[in-house]
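Q: Quick one, entry_21.cif (mmCIF, C-alpha atoms):
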```
data_run
#
loop_
_atom_site.group_PDB
_atom_site.id
_atom_site.type_symbol
_atom_site.label_atom_id
_atom_site.label_comp_id
_atom_site.auth_asym_id
_atom_site.auth_seq_id
_atom_site.Cartn_x
_atom_site.Cartn_y
_atom_site.Cartn_z
ATOM 1 C CA MET A 1 81.254 109.986 93.324
ATOM 2 C CA GLY A 2 81.648 113.678 93.015
ATOM 3 C CA GLU A 3 82.706 115.982 90.277
ATOM 4 C CA ARG A 4 86.420 116.232 89.516
ATOM 5 C CA TRP A 5 87.983 119.338 91.071
ATOM 6 C CA PRO A 6 89.993 121.421 88.632
ATOM 7 C CA PRO A 7 93.514 122.705 89.346
ATOM 8 C CA VAL A 8 93.885 126.156 90.889
ATOM 9 C CA TYR A 9 96.214 127.271 88.095
ATOM 10 C CA ASP A 10 96.178 127.121 84.328
ATOM 11 C CA ALA A 11 97.431 123.561 83.847
ATOM 12 C CA ASP A 12 98.228 124.041 80.161
ATOM 13 C CA GLU A 13 100.271 127.170 80.860
ATOM 14 C CA LEU A 14 102.187 125.474 83.680
ATOM 15 C CA GLN A 15 102.943 122.455 81.476
ATOM 16 C CA ARG A 16 104.162 124.841 78.760
ATOM 17 C CA VAL A 17 106.499 126.592 81.233
ATOM 18 C CA ILE A 18 107.886 123.268 82.503
ATOM 19 C CA ARG A 19 108.382 122.062 78.917
ATOM 20 C CA GLU A 20 110.161 125.296 77.932
ATOM 21 C CA LEU A 21 112.441 125.313 80.961
ATOM 22 C CA SER A 22 113.253 121.606 80.859
ATOM 23 C CA SER A 23 113.949 121.509 77.127
ATOM 24 C CA ARG A 24 116.699 124.130 77.241
ATOM 25 C CA GLN A 25 119.896 122.952 75.647
ATOM 26 C CA GLY A 26 122.330 121.664 78.260
ATOM 27 C CA LEU A 27 119.852 121.943 81.140
ATOM 28 C CA ALA A 28 121.839 119.477 83.260
ATOM 29 C CA LYS A 29 124.823 121.850 83.126
ATOM 30 C CA HIS A 30 122.729 124.945 83.795
ATOM 31 C CA LEU A 31 120.444 123.688 86.572
ATOM 32 C CA TYR A 32 123.057 124.475 89.202
ATOM 33 C CA ALA A 33 124.857 127.732 89.922
ATOM 34 C CA PRO A 34 128.653 127.898 89.932
ATOM 35 C CA PRO A 35 130.162 126.011 92.867
ATOM 36 C CA VAL A 36 129.792 127.652 96.245
ATOM 37 C CA PRO A 37 132.000 127.022 99.242
ATOM 38 C CA SER A 38 130.928 123.937 101.177
ATOM 39 C CA SER A 39 131.335 126.075 104.293
ATOM 40 C CA ALA A 40 128.372 128.248 103.259
ATOM 41 C CA SER A 41 126.492 129.049 106.437
ATOM 42 C CA SER A 42 123.127 129.784 104.866
ATOM 43 C CA PHE A 43 120.882 127.629 102.773
ATOM 44 C CA PHE A 44 118.382 128.464 100.061
ATOM 45 C CA GLN A 45 115.405 126.747 98.489
ATOM 46 C CA GLY A 46 116.623 124.167 95.983
ATOM 47 C CA ASP A 47 119.998 123.601 97.641
ATOM 48 C CA VAL A 48 121.266 120.034 97.557
ATOM 49 C CA VAL A 49 122.875 119.095 100.855
ATOM 50 C CA ALA A 50 124.781 116.050 102.022
ATOM 51 C CA MET A 51 123.568 114.764 105.355
ATOM 52 C CA GLU A 52 123.599 111.083 106.252
ATOM 53 C CA VAL A 53 120.471 110.729 108.365
ATOM 54 C CA GLY A 54 117.501 108.414 108.170
ATOM 55 C CA LEU A 55 114.145 109.480 106.758
ATOM 56 C CA PRO A 56 111.555 109.640 109.567
ATOM 57 C CA LEU A 57 108.199 108.135 108.607
ATOM 58 C CA LEU A 58 105.010 106.878 110.187
ATOM 59 C CA ASP A 59 104.403 103.286 109.093
ATOM 60 C CA GLU A 60 101.154 101.468 108.322
ATOM 61 C CA SER A 61 100.392 101.303 112.062
ATOM 62 C CA ALA A 62 101.158 105.020 112.465
ATOM 63 C CA GLU A 63 104.289 104.077 114.405
ATOM 64 C CA PRO A 64 107.444 106.101 113.877
ATOM 65 C CA VAL A 65 110.166 104.383 111.852
ATOM 66 C CA VAL A 66 113.336 105.511 110.145
ATOM 67 C CA GLU A 67 114.230 104.588 106.578
ATOM 68 C CA GLU A 68 118.010 104.400 106.468
ATOM 69 C CA GLY A 69 120.368 105.238 103.670
ATOM 70 C CA VAL A 70 119.419 108.801 102.783
ATOM 71 C CA GLY A 71 122.584 110.771 102.150
ATOM 72 C CA TYR A 72 121.346 113.709 100.070
ATOM 73 C CA TRP A 73 118.464 116.107 100.612
ATOM 74 C CA MET A 74 116.969 119.054 98.759
ATOM 75 C CA VAL A 75 115.905 122.119 100.730
ATOM 76 C CA LEU A 76 112.257 122.772 99.920
ATOM 77 C CA GLY A 77 111.586 125.441 102.545
ATOM 78 C CA ASN A 78 111.291 128.973 101.258
ATOM 79 C CA SER A 79 114.503 131.020 101.176
ATOM 80 C CA CYS A 80 112.817 133.977 102.873
ATOM 81 C CA ASP A 81 111.940 131.769 105.858
ATOM 82 C CA LEU A 82 115.530 130.519 105.959
ATOM 83 C CA ALA A 83 116.682 134.161 106.182
ATOM 84 C CA ARG A 84 114.445 134.873 109.178
ATOM 85 C CA THR A 85 115.551 134.424 112.759
ATOM 86 C CA GLN A 86 115.371 131.004 114.367
ATOM 87 C CA ARG A 87 112.604 132.301 116.605
ATOM 88 C CA GLU A 88 110.514 133.565 113.659
ATOM 89 C CA ALA A 89 110.906 130.429 111.534
ATOM 90 C CA PRO A 90 112.496 127.592 113.537
ATOM 91 C CA PHE A 91 111.896 124.837 110.966
ATOM 92 C CA THR A 92 112.261 124.176 107.267
ATOM 93 C CA GLN A 93 111.370 121.331 104.947
ATOM 94 C CA LEU A 94 113.599 118.886 103.106
ATOM 95 C CA LEU A 95 112.952 116.296 100.429
ATOM 96 C CA PRO A 96 115.013 113.116 100.377
ATOM 97 C CA ILE A 97 116.995 112.644 97.199
ATOM 98 C CA ARG A 98 116.908 109.153 95.789
ATOM 99 C CA GLN A 99 118.982 107.596 93.042
ATOM 100 C CA LEU A 100 117.016 106.093 90.184
ATOM 101 C CA SER A 101 117.408 102.337 89.975
ATOM 102 C CA GLN A 102 119.433 100.818 87.154
ATOM 103 C CA GLY A 103 116.480 98.766 85.892
ATOM 104 C CA SER A 104 114.289 101.724 84.984
ATOM 105 C CA THR A 105 112.632 101.571 81.601
ATOM 106 C CA PRO A 106 113.527 104.053 78.848
ATOM 107 C CA GLU A 107 109.997 105.466 79.163
ATOM 108 C CA ARG A 108 110.459 106.065 82.902
ATOM 109 C CA LEU A 109 113.844 107.709 82.289
ATOM 110 C CA ALA A 110 112.404 109.982 79.604
ATOM 111 C CA ALA A 111 109.449 110.974 81.802
ATOM 112 C CA LEU A 112 111.690 111.754 84.775
ATOM 113 C CA THR A 113 114.394 113.642 82.891
ATOM 114 C CA GLY A 114 111.732 115.483 80.863
ATOM 115 C CA TYR A 115 110.068 116.660 84.096
ATOM 116 C CA ARG A 116 106.786 114.989 83.135
ATOM 117 C CA VAL A 117 106.557 113.089 86.441
ATOM 118 C CA SER A 118 104.613 115.092 89.025
ATOM 119 C CA ARG A 119 105.721 113.360 92.247
ATOM 120 C CA GLN A 120 109.473 113.557 91.683
ATOM 121 C CA PHE A 121 111.808 116.350 90.678
ATOM 122 C CA HIS A 122 114.728 115.212 88.529
ATOM 123 C CA LEU A 123 118.133 116.378 89.740
ATOM 124 C CA PRO A 124 121.002 115.911 87.313
ATOM 125 C CA ASP A 125 124.133 114.609 89.008
ATOM 126 C CA TRP A 126 125.836 117.675 90.493
ATOM 127 C CA GLU A 127 129.196 115.881 90.398
ATOM 128 C CA GLY A 128 128.952 115.023 86.687
ATOM 129 C CA MET A 129 129.087 111.254 87.217
ATOM 130 C CA ASP A 130 125.941 110.507 85.177
ATOM 131 C CA ARG A 131 123.912 109.203 88.081
ATOM 132 C CA LEU A 132 120.170 109.883 87.967
ATOM 133 C CA PHE A 133 118.638 111.447 91.053
ATOM 134 C CA TYR A 134 115.244 112.796 92.004
ATOM 135 C CA ALA A 135 113.834 114.659 94.977
ATOM 136 C CA ASP A 136 110.836 112.755 96.315
ATOM 137 C CA TYR A 137 107.855 115.067 96.865
ATOM 138 C CA LEU A 138 105.999 112.225 98.618
ATOM 139 C CA SER A 139 108.447 112.092 101.553
ATOM 140 C CA PRO A 140 108.914 115.635 102.900
ATOM 141 C CA VAL A 141 110.407 116.066 106.356
ATOM 142 C CA THR A 142 110.612 118.967 108.749
ATOM 143 C CA ILE A 143 113.959 119.817 110.288
ATOM 144 C CA ASP A 144 114.973 122.290 112.940
ATOM 145 C CA ARG A 145 117.133 124.837 111.137
ATOM 146 C CA ARG A 146 119.821 124.497 113.816
ATOM 147 C CA GLY A 147 120.122 120.804 112.922
ATOM 148 C CA LEU A 148 120.378 121.668 109.249
ATOM 149 C CA ALA A 149 123.138 124.194 109.946
ATOM 150 C CA ALA A 150 125.004 121.779 112.214
ATOM 151 C CA ARG A 151 124.816 118.620 110.079
ATOM 152 C CA ALA A 152 124.285 119.497 106.428
ATOM 153 C CA ARG A 153 127.017 120.239 103.926
ATOM 154 C CA LEU A 154 126.071 122.186 100.805
ATOM 155 C CA VAL A 155 126.980 120.258 97.649
ATOM 156 C CA ALA A 156 125.008 122.111 94.945
ATOM 157 C CA ARG A 157 123.032 125.317 94.625
ATOM 158 C CA MET A 158 120.385 125.843 91.975
ATOM 159 C CA SER A 159 120.735 128.486 89.328
ATOM 160 C CA HIS A 160 117.884 130.896 88.677
ATOM 161 C CA LEU A 161 116.772 128.622 85.815
ATOM 162 C CA GLY A 162 116.819 125.587 88.125
ATOM 163 C CA TRP A 163 114.894 127.459 90.801
ATOM 164 C CA MET A 164 112.190 128.491 88.289
ATOM 165 C CA LEU A 165 111.839 124.873 87.129
ATOM 166 C CA LEU A 166 111.677 123.686 90.751
ATOM 167 C CA HIS A 167 108.915 126.202 91.478
ATOM 168 C CA ALA A 168 106.891 125.202 88.440
ATOM 169 C CA CYS A 169 107.195 121.501 89.297
ATOM 170 C CA THR A 170 106.390 122.103 92.978
ATOM 171 C CA VAL A 171 103.244 124.043 92.061
ATOM 172 C CA ARG A 172 102.248 121.227 89.735
ATOM 173 C CA PHE A 173 102.758 118.674 92.524
ATOM 174 C CA LEU A 174 100.915 120.621 95.213
ATOM 175 C CA CYS A 175 98.099 121.989 93.092
ATOM 176 C CA ARG A 176 97.547 119.363 90.406
ATOM 177 C CA ASP A 177 93.980 118.541 89.611
ATOM 178 C CA ASP A 178 92.143 115.874 91.518
ATOM 179 C CA GLY A 179 92.886 112.743 89.484
ATOM 180 C CA ARG A 180 91.356 110.206 91.849
ATOM 181 C CA PHE A 181 89.063 108.917 89.116
ATOM 182 C CA ASP A 182 91.752 108.590 86.438
#
```
How would this structure read if it were set down as structure tokens?

A:
Amino acid sequence: MGERWPPVYDADELQRVIRELSSRQGLAKHLYAPPVPSSASSFFQGDVVAMEVGLPLLDESAEPVVEEGVGYWMVLGNSCDLARTQREAPFTQLLPIRQLSQGSTPERLAALTGYRVSRQFHLPDWEGMDRLFYADYLSPVTIDRRGLAARARLVARMSHLGWMLLHACTVRFLCRDDGRFD
């Protein structure tokens, strides 16, 4: 057993930022920017897109499989890469968006909606129907940007506040301290 590796950022400061951003009054209403045309031809980090396509995975035998039933995705790839030419940056990353199950405990709901869960990013329902969604950091996929442009339909775009919260939570996920001995 080795020594625990510390995070590469100030964990207390990052937690403070996430707490401040996520505790803003009416966050669910302010996480997304005003509606944009669904015909928008460019995508940005944090965009929620509708695209009915299975989630490609490698199973326990390292064989490719597809998990069906994914209809919404969040663009995780950096907006500056999405603005580059196809030749310069041919791919981007997406996270599948999952709906929280009805049987979740109040503690689980509070942790998710309070952005205290590090492996999922809570997404308030962009259609205002009170469904609970989260982007799953544990299941990223790479997509050719031409496929994204051809198949995806923009359904929600993050506001600046939402984008800052997404960044803080993504840093926490990618750079959290080594908790293997917890």

Q: Please compute the atom CA of Leu55 of chain A-atom CA of Ser118 of chain A distance, one decimal, in Å.

A: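 Result for atom CA of Leu55 of chain A versus atom CA of Ser118 of chain A: 20.9 Å, one decimal.
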
Q: Give the answer as one residue: which of A:Val75, A:Leu138, A:Ala89, A:Leu100 has the shortest atom-to-atom distance to Thr113 of chain A, using all atoms listed in the file?

A: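 Of A:Val75, A:Leu138, A:Ala89, A:Leu100, the one nearest Thr113 of chain A is A:Leu100, counting all atoms listed in the file.
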
Q: Counting all atoms listed in the file, which residue out of A:Phe121, A:Tyr32, A:Tyr115, A:Phe133 sits closest to Ile18 of chain A?

A: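 Under the stated criterion, the closest residue is A:Tyr115.
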
Q: Pick out the closest residue to Pro35 of chain A from this set: A:Val155, A:Leu76, A:Val48, A:Leu21. Count all atoms listed in the file.

A: A:Val155

Q: Just need the box for segment 119-132 of chain A, edges along x, y and z, holding every atom the file lists for it with 6 Å tacked onto each side, so centre and edge lengths in Å to one decimal, as JSON.

A:
```
{"center_x": 117.5, "center_y": 113.4, "center_z": 88.7, "size_x": 35.5, "size_y": 20.5, "size_z": 19.1}
```

Q: Given the file shown, determine the residues that the PyMOL selection byres ((chain A and resi 49) around 6) selects; report them as a list in words.

A: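 Expected selection for the PyMOL selection byres ((chain A and resi 49) around 6) here is Val48, Ala50, Tyr72, Trp73, Ala152, Arg153, Leu154 and Val155 of chain A.
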
Q: Could you state the separation of atom CA of Gln86 of chain A and atom CA of Arg145 of chain A in Å, given to one decimal place?

A: 7.2 Å

Q: Between A:Pro124, A:Phe43, A:Ala150, A:Lys29, which one has atoms that come closest to Cys80 of chain A, using only C-alpha atoms?

A: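 Comparing A:Pro124, A:Phe43, A:Ala150, A:Lys29 against Cys80 of chain A, the winner is A:Phe43.
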
Q: At a cut-off of 12 Å, using all atoms listed in the file, what residues contact Leu27 of chain A? Leave out same-chain residues fewer than 2 positions from it and give the result as a list in words.

A: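 Skipping anything fewer than 2 positions along the chain leaves Arg19, Glu20, Leu21, Ser22, Ser23, Arg24, Gln25, Lys29, His30, Leu31, Tyr32, Ala33, Thr113, Gly114, Tyr115, His122, Leu123, Pro124, Asp125, Trp126, Met158, Ser159, His160, Leu161, Gly162 and Leu165 of chain A.
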
Q: Take the residues just selected and output them with C-alpha atoms as a PDB file, in the coordinates of the input.

A:
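The result, stored in out32.pdb:
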```
ATOM      1  CA  ARG A  19     108.382 122.062  78.917  1.00  0.00           C
ATOM      2  CA  GLU A  20     110.161 125.296  77.932  1.00  0.00           C
ATOM      3  CA  LEU A  21     112.441 125.313  80.961  1.00  0.00           C
ATOM      4  CA  SER A  22     113.253 121.606  80.859  1.00  0.00           C
ATOM      5  CA  SER A  23     113.949 121.509  77.127  1.00  0.00           C
ATOM      6  CA  ARG A  24     116.699 124.130  77.241  1.00  0.00           C
ATOM      7  CA  GLN A  25     119.896 122.952  75.647  1.00  0.00           C
ATOM      8  CA  LYS A  29     124.823 121.850  83.126  1.00  0.00           C
ATOM      9  CA  HIS A  30     122.729 124.945  83.795  1.00  0.00           C
ATOM     10  CA  LEU A  31     120.444 123.688  86.572  1.00  0.00           C
ATOM     11  CA  TYR A  32     123.057 124.475  89.202  1.00  0.00           C
ATOM     12  CA  ALA A  33     124.857 127.732  89.922  1.00  0.00           C
ATOM     13  CA  THR A 113     114.394 113.642  82.891  1.00  0.00           C
ATOM     14  CA  GLY A 114     111.732 115.483  80.863  1.00  0.00           C
ATOM     15  CA  TYR A 115     110.068 116.660  84.096  1.00  0.00           C
ATOM     16  CA  HIS A 122     114.728 115.212  88.529  1.00  0.00           C
ATOM     17  CA  LEU A 123     118.133 116.378  89.740  1.00  0.00           C
ATOM     18  CA  PRO A 124     121.002 115.911  87.313  1.00  0.00           C
ATOM     19  CA  ASP A 125     124.133 114.609  89.008  1.00  0.00           C
ATOM     20  CA  TRP A 126     125.836 117.675  90.493  1.00  0.00           C
ATOM     21  CA  MET A 158     120.385 125.843  91.975  1.00  0.00           C
ATOM     22  CA  SER A 159     120.735 128.486  89.328  1.00  0.00           C
ATOM     23  CA  HIS A 160     117.884 130.896  88.677  1.00  0.00           C
ATOM     24  CA  LEU A 161     116.772 128.622  85.815  1.00  0.00           C
ATOM     25  CA  GLY A 162     116.819 125.587  88.125  1.00  0.00           C
ATOM     26  CA  LEU A 165     111.839 124.873  87.129  1.00  0.00           C
TER      27      LEU A 165
END
```

Q: Atom CA of Leu94 of chain A to atom CA of Thr142 of chain A: how many Å, to one decimal?

A: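 If I compute the distance from atom CA of Leu94 of chain A to atom CA of Thr142 of chain A, I get 6.4 Å.
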
Q: Restricting the calculation to all atoms listed in the file: of A:Gly147, A:Glu3, A:Ala156, A:Val8, which residue gets closest to Phe173 of chain A?

A: A:Val8

Q: For Thr85 of chain A, which residue out of A:Gly26, A:Ser104, A:Ser42, A:Ile97 is the nearest one, using only C-alpha atoms?

A: A:Ser42

Q: Running the PyMOL selection byres ((chain A and resi 53) around 8) on this model by hand, what would come out? Give it as a list in words.

A: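 Written out, the selection comes to Met51, Glu52, Gly54, Leu55, Glu68, Gly69, Val70 and Gly71 of chain A.
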
Q: Care to translate the PyMOL selection byres ((chain A and resi 11) around 12) into actual residues of this file, as a list in words?

A: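 What the PyMOL selection byres ((chain A and resi 11) around 12) grabs from the file is Pro6, Pro7, Val8, Tyr9, Asp10, Asp12, Glu13, Leu14, Gln15, Arg16, Val17, Ile18, Ala168, Cys169, Val171, Arg172, Phe173, Cys175, Arg176 and Asp177 of chain A.
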
Q: Can segment 10-43 of chain A be brought up to N, CA and C atoms and written out as a tab-separated table (two decimals), in the coordinates of the input?

A:
```
chain	number	residue	atom	x	y	z
A	10	ASP	N	96.38	127.51	85.72
A	10	ASP	CA	96.18	127.12	84.33
A	10	ASP	C	97.13	125.96	84.02
A	11	ALA	N	96.60	124.76	84.02
A	11	ALA	CA	97.43	123.56	83.85
A	11	ALA	C	98.19	123.56	82.53
A	12	ASP	N	97.55	124.01	81.46
A	12	ASP	CA	98.23	124.04	80.16
A	12	ASP	C	99.40	125.01	80.17
A	13	GLU	N	99.20	126.17	80.78
A	13	GLU	CA	100.27	127.17	80.86
A	13	GLU	C	101.43	126.65	81.71
A	14	LEU	N	101.13	126.01	82.83
A	14	LEU	CA	102.19	125.47	83.68
A	14	LEU	C	102.97	124.38	82.95
A	15	GLN	N	102.27	123.50	82.24
A	15	GLN	CA	102.94	122.46	81.48
A	15	GLN	C	103.84	123.07	80.40
A	16	ARG	N	103.37	124.15	79.78
A	16	ARG	CA	104.16	124.84	78.76
A	16	ARG	C	105.44	125.40	79.38
A	17	VAL	N	105.33	126.02	80.55
A	17	VAL	CA	106.50	126.59	81.23
A	17	VAL	C	107.49	125.48	81.58
A	18	ILE	N	107.00	124.38	82.14
A	18	ILE	CA	107.89	123.27	82.50
A	18	ILE	C	108.57	122.72	81.25
A	19	ARG	N	107.81	122.56	80.18
A	19	ARG	CA	108.38	122.06	78.92
A	19	ARG	C	109.47	123.00	78.40
A	20	GLU	N	109.18	124.31	78.41
A	20	GLU	CA	110.16	125.30	77.93
A	20	GLU	C	111.43	125.27	78.77
A	21	LEU	N	111.27	125.29	80.09
A	21	LEU	CA	112.44	125.31	80.96
A	21	LEU	C	113.24	124.02	80.86
A	22	SER	N	112.55	122.90	80.83
A	22	SER	CA	113.25	121.61	80.86
A	22	SER	C	113.85	121.22	79.51
A	23	SER	N	113.41	121.87	78.44
A	23	SER	CA	113.95	121.51	77.13
A	23	SER	C	115.12	122.40	76.71
A	24	ARG	N	115.56	123.27	77.57
A	24	ARG	CA	116.70	124.13	77.24
A	24	ARG	C	117.94	123.28	77.00
A	25	GLN	N	118.67	123.66	76.00
A	25	GLN	CA	119.90	122.95	75.65
A	25	GLN	C	120.86	122.93	76.83
A	26	GLY	N	121.35	121.78	77.18
A	26	GLY	CA	122.33	121.66	78.26
A	26	GLY	C	121.76	121.94	79.64
A	27	LEU	N	120.48	121.65	79.85
A	27	LEU	CA	119.85	121.94	81.14
A	27	LEU	C	120.64	121.36	82.30
A	28	ALA	N	121.12	120.13	82.17
A	28	ALA	CA	121.84	119.48	83.26
A	28	ALA	C	123.03	120.31	83.72
A	29	LYS	N	123.67	121.01	82.78
A	29	LYS	CA	124.82	121.85	83.13
A	29	LYS	C	124.41	123.20	83.68
A	30	HIS	N	123.17	123.61	83.39
A	30	HIS	CA	122.73	124.94	83.80
A	30	HIS	C	121.74	124.93	84.96
A	31	LEU	N	121.40	123.76	85.46
A	31	LEU	CA	120.44	123.69	86.57
A	31	LEU	C	121.07	124.20	87.86
A	32	TYR	N	122.37	124.05	87.99
A	32	TYR	CA	123.06	124.48	89.20
A	32	TYR	C	123.88	125.72	88.94
A	33	ALA	N	124.02	126.53	89.98
A	33	ALA	CA	124.86	127.73	89.92
A	33	ALA	C	126.32	127.31	90.01
A	34	PRO	N	127.23	128.24	89.75
A	34	PRO	CA	128.65	127.90	89.93
A	34	PRO	C	128.89	127.39	91.35
A	35	PRO	N	129.90	126.57	91.54
A	35	PRO	CA	130.16	126.01	92.87
A	35	PRO	C	130.27	127.09	93.94
A	36	VAL	N	129.71	126.76	95.09
A	36	VAL	CA	129.79	127.65	96.24
A	36	VAL	C	130.61	126.95	97.31
A	37	PRO	N	131.20	127.68	98.20
A	37	PRO	CA	132.00	127.02	99.24
A	37	PRO	C	131.15	126.07	100.07
A	38	SER	N	131.68	124.90	100.37
A	38	SER	CA	130.93	123.94	101.18
A	38	SER	C	130.76	124.44	102.60
A	39	SER	N	131.47	125.50	102.95
A	39	SER	CA	131.34	126.08	104.29
A	39	SER	C	130.24	127.13	104.34
A	40	ALA	N	129.44	127.25	103.27
A	40	ALA	CA	128.37	128.25	103.26
A	40	ALA	C	127.49	128.06	104.48
A	41	SER	N	127.23	129.15	105.18
A	41	SER	CA	126.49	129.05	106.44
A	41	SER	C	125.00	129.22	106.25
A	42	SER	N	124.56	129.63	105.08
A	42	SER	CA	123.13	129.78	104.87
A	42	SER	C	122.69	128.89	103.72
A	43	PHE	N	121.44	128.51	103.78
A	43	PHE	CA	120.88	127.63	102.77
A	43	PHE	C	119.73	128.33	102.08
```
